[in-house]
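Notes to accompany the following structure.
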Amino acid sequence: MNILEAHKKFRRHCRFEEQLQETTIKAMKACTQTFVKRMGINELSQISLELLREFFYEGMEMHEWSYWTFMNYLKYLKKFLGWCVDSGLIKDNPAI
């Protein structure tokens, strides 16, 4: 499944079932869009532990993320991928 399509469903879940703040939902969307763009992927099946590591290494080295930026990306991607597992879209959460 396309990552951004899955993320749209995830945001709907977060908005209506978890009652998350709109600012949090927008931050999660931006995080996922950045991940997809920088890693050049489109499908959930392309996400792996190695790809996530590369994304985080690149963020810390090339983009000089702060500790809090790193933690926010990790938190948002882990939450999204966990939802994908719970929804049966992927087998395992590589962000754990």
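Chain identifiers are assigned as A, B, and so on, following the order in which chains appear in the structure tokens; residues are numbered from 1 within each chain, and ligands are numbered from 1 in order of appearance.
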Extract the full set of alpha helix (DSSP H) residues from chain A according to DSSP on the backbone, and format it as an MDAnalysis selection string. chainID A and resid 3:16 22:39 49:61 67:86
Skipping near chain neighbours, those fewer than 5 positions away, what residues fall within 9 Å of Thr32 in chain A using only C-alpha atoms, listed as a PyMOL selection string? chain A and resi 3-4+7+27+37+73+76-77+80
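Distance annotation: of A:Met1, A:Ile47, A:Met39, A:Met62, the residue with the minimal separation from Leu81 in chain A is A:Ile47; atom set is only C-alpha atoms.
CA of Leu52 in chain A to CA of Thr34 in chain A spans 12.2 Å [interatomic distance, one decimal].
Proximity ranking of A:Ser45, A:Thr24, A:Ser87, A:Glu58 relative to Asn72 in chain A places A:Thr24 first, based on only C-alpha atoms.
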Compare A:Cys31, A:Arg38, A:Glu61, A:Phe10 by their minimum atom-to-atom distance to Lys75 in chain A, counting only C-alpha atoms, and give me the closest one. A:Cys31
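Atom pair CA of Ile41 in chain A / CA of Leu20 in chain A: separated by 26.9 Å.
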Name the residues in contact with Asn93 in chain A at a cut-off of 10 Å, using only C-alpha atoms, excluding same-chain residues fewer than 2 positions from it; report them as a PyMOL selection string. chain A and resi 47-49+77-86+90-91+95-96
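Proximity of A:Trp65, A:Phe56, A:Met28, A:Gly88 to Arg15 in chain A, computed with only C-alpha atoms, is greatest for A:Met28.
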